[in-house]
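> Okay, here's the structure, questions in a sec.
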Amino acid sequence: GQQLNQSPQSMFIQEGEDVSMNCTSSSIFNTWLWYKQEPGEGPVLLIALYKAGELTSNGRLTAQFGITRKDSFLNISASIPSDVGIYFCAGQLKSSGSARQLTFGSGTQLTVLP
Amino acid sequence: NAGVTQTPKFRVLKTGQSMTLLCAQDMNHEYMYWYRQDPGMGLRLIHYSVGEGTTAKGEVPDGYNVSRLKKQNFLLGLESAAPSQTSVYFCASSPPPGLAGATNTGELFFGEGSRLTVL
């Protein structure tokens, strides 16, 4: 199946620092999504991207859809303790059918130290 | 709104036993999905449904069966559980793309997960 390479796998940062994570793929995607999963919960959508080169912000979060359509990154500025969780990228293939079949990255575990 | 509800939240099985996970959504979504989450592997699609009475295989369907007899429910069954099926299972739902008035963000709405251990 399709694979997304998400890095880093884990991050330990100090409160107030900025964070950057990214996903790359050998396949072209027409949609990139970033989800956050908190302990004991299901993933929740943070940002959705639809156009190559698109840069979208949601509060302290900024994500970009790579020009080649094969990559995306997520930045978190001025991290706070509640940013802790697993962040997943997900891509929807250009040739996929009517169902929203997403391919997920393996996740980035973020820990924010006080 | 409750959103997407999964039952049970936790279950321990012995190898060879059968069980069914129930997913219920109250958002009138057409599409429903079952994923499994394993450490370091993200979420992998098991089966999905694009409407009542329809099901289709995802990336890792072997050992699982599903049914969508009612629009709001999507059942995941394990006929003969194996230790390799120890995982956290997530149900999700979404509206179909292009539906007038519906969000088209590509967003899936997830349940809280069901942790299954097969001994």
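Just so we're on the same page: first chain in the structure tokens is A, next is B, and so on; residues restart at 1 for each chain, and ligands are numbered from 1 in the order they show up.
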Quick one: DSSP strand (DSSP E or B) residues in chain A, as a PyMOL selection string?

chain A and resi 4-7+10-14+19-25+29-37+44-49+55-58+61-65+71-76+85-93+102-104+108-113

> Determine which residues of chain A sit within 6 Å of chain B, taking into account only C-alpha atoms, and present them as number ranges by chain.

A: 41-42, 104-107

> Which value, in Å to one decimal, gives the distance between CA of Arg36 in chain B and CA of Ile80 in chain A?

29.2 Å

> Out of B:Gly53, B:Pro83, B:Pro61, B:Gly3, which residue has the shortest atom-to-atom distance to Asn28 in chain B when counting only C-alpha atoms?

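For Asn28 in chain B, the nearest of the candidates is B:Gly3.
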
> Set out as a Markdown table a contact list for range 57-97 of chain A and range 18-39 of chain A with a cut-off of 9 Å, giving each residue of range 57-97 of chain A that qualifies its closest atom pair and distance in Å to one decimal, counting only C-alpha atoms, ordered by chain and rising residue number.


```
| residue | atom | partner | partner_atom | distance |
| --- | --- | --- | --- | --- |
| A:Ala63 | CA | A:Trp34 | CA | 8.1 |
| A:Gln64 | CA | A:Trp32 | CA | 8.7 |
| A:Phe65 | CA | A:Trp32 | CA | 6.7 |
| A:Thr68 | CA | A:Ile28 | CA | 7.6 |
| A:Arg69 | CA | A:Ile28 | CA | 5.2 |
| A:Lys70 | CA | A:Ile28 | CA | 5.1 |
| A:Asp71 | CA | A:Thr24 | CA | 4.3 |
| A:Ser72 | CA | A:Cys23 | CA | 5.4 |
| A:Phe73 | CA | A:Asn22 | CA | 4.1 |
| A:Leu74 | CA | A:Met21 | CA | 5.4 |
| A:Asn75 | CA | A:Ser20 | CA | 4.4 |
| A:Ile76 | CA | A:Val19 | CA | 5.0 |
| A:Ser77 | CA | A:Asp18 | CA | 4.3 |
| A:Ala78 | CA | A:Asp18 | CA | 5.2 |
| A:Ser79 | CA | A:Asp18 | CA | 6.0 |
| A:Asp83 | CA | A:Lys36 | CA | 9.0 |
| A:Val84 | CA | A:Glu38 | CA | 7.3 |
| A:Gly85 | CA | A:Glu38 | CA | 4.8 |
| A:Ile86 | CA | A:Gln37 | CA | 5.1 |
| A:Tyr87 | CA | A:Lys36 | CA | 4.5 |
| A:Phe88 | CA | A:Tyr35 | CA | 5.1 |
| A:Cys89 | CA | A:Trp34 | CA | 4.5 |
| A:Ala90 | CA | A:Leu33 | CA | 5.0 |
| A:Gly91 | CA | A:Trp32 | CA | 4.6 |
| A:Gln92 | CA | A:Thr31 | CA | 5.1 |
| A:Leu93 | CA | A:Phe29 | CA | 4.5 |
| A:Lys94 | CA | A:Asn30 | CA | 5.0 |
| A:Ser95 | CA | A:Phe29 | CA | 8.6 |
```

> From the set A:Gln101, A:Ile13, A:Gln6, A:Leu46, which residue has the shortest atom-to-atom contact distance to Arg60 in chain A, counting only C-alpha atoms?

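Result for the nearest residue to Arg60 in chain A: A:Leu46.
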
> For Ala24 in chain B, please output as a compact mmCIF listing (two decimals) with N, CA and C atoms, in the first residue's frame all residues within 7 Å (counting only C-alpha atoms; exclusion window: fewer than 6 positions along the same chain).


```txt
# COMPACT_ATOMS: atom_id res chain seq x y z
N VAL B 4 -19.26 10.02 17.29
CA VAL B 4 -18.97 8.63 16.98
C VAL B 4 -18.72 7.89 18.29
N THR B 5 -19.49 6.85 18.53
CA THR B 5 -19.39 6.10 19.78
C THR B 5 -19.01 4.66 19.48
N GLN B 6 -18.01 4.16 20.18
CA GLN B 6 -17.56 2.78 20.00
C GLN B 6 -17.80 1.99 21.27
N GLN B 72 -26.49 4.35 10.56
CA GLN B 72 -25.78 4.90 11.69
C GLN B 72 -24.83 3.93 12.35
N ASN B 73 -24.88 2.65 11.96
CA ASN B 73 -24.06 1.64 12.64
C ASN B 73 -23.11 0.95 11.67
N PHE B 74 -21.91 0.65 12.16
CA PHE B 74 -20.92 -0.09 11.37
C PHE B 74 -20.25 -1.07 12.32
```

> So which residues touch Ala2 in chain B within 9 Å, counting only C-alpha atoms, skipping near sequence neighbours fewer than 4 positions away, as a ChimeraX atom specification?

/B:25-27

> Store the residues picked out above, limited to all heavy atoms, as an mmCIF file, in the first residue's frame.


```cif
data_model
loop_
_atom_site.group_PDB
_atom_site.id
_atom_site.type_symbol
_atom_site.label_atom_id
_atom_site.label_comp_id
_atom_site.auth_asym_id
_atom_site.auth_seq_id
_atom_site.Cartn_x
_atom_site.Cartn_y
_atom_site.Cartn_z
ATOM 1 N N GLN B 25 -22.852 6.337 14.861
ATOM 2 C CA GLN B 25 -22.661 7.775 14.663
ATOM 3 C C GLN B 25 -24.016 8.446 14.503
ATOM 4 O O GLN B 25 -24.933 7.896 13.892
ATOM 5 C CB GLN B 25 -21.749 8.044 13.458
ATOM 6 C CG GLN B 25 -22.150 7.389 12.144
ATOM 7 C CD GLN B 25 -22.959 8.248 11.209
ATOM 8 O OE1 GLN B 25 -23.215 9.423 11.470
ATOM 9 N NE2 GLN B 25 -23.372 7.682 10.078
ATOM 10 N N ASP B 26 -24.124 9.643 15.058
ATOM 11 C CA ASP B 26 -25.396 10.360 15.032
ATOM 12 C C ASP B 26 -25.318 11.616 14.173
ATOM 13 O O ASP B 26 -26.109 12.556 14.363
ATOM 14 C CB ASP B 26 -25.829 10.710 16.458
ATOM 15 C CG ASP B 26 -24.845 11.616 17.180
ATOM 16 O OD1 ASP B 26 -23.830 12.030 16.569
ATOM 17 O OD2 ASP B 26 -25.079 11.902 18.367
ATOM 18 N N MET B 27 -24.381 11.638 13.207
ATOM 19 C CA MET B 27 -24.193 12.816 12.360
ATOM 20 C C MET B 27 -24.775 12.611 10.966
ATOM 21 O O MET B 27 -24.556 13.432 10.071
ATOM 22 C CB MET B 27 -22.702 13.151 12.278
ATOM 23 C CG MET B 27 -22.114 13.523 13.626
ATOM 24 S SD MET B 27 -20.324 13.740 13.605
ATOM 25 C CE MET B 27 -19.797 12.031 13.622
#
```
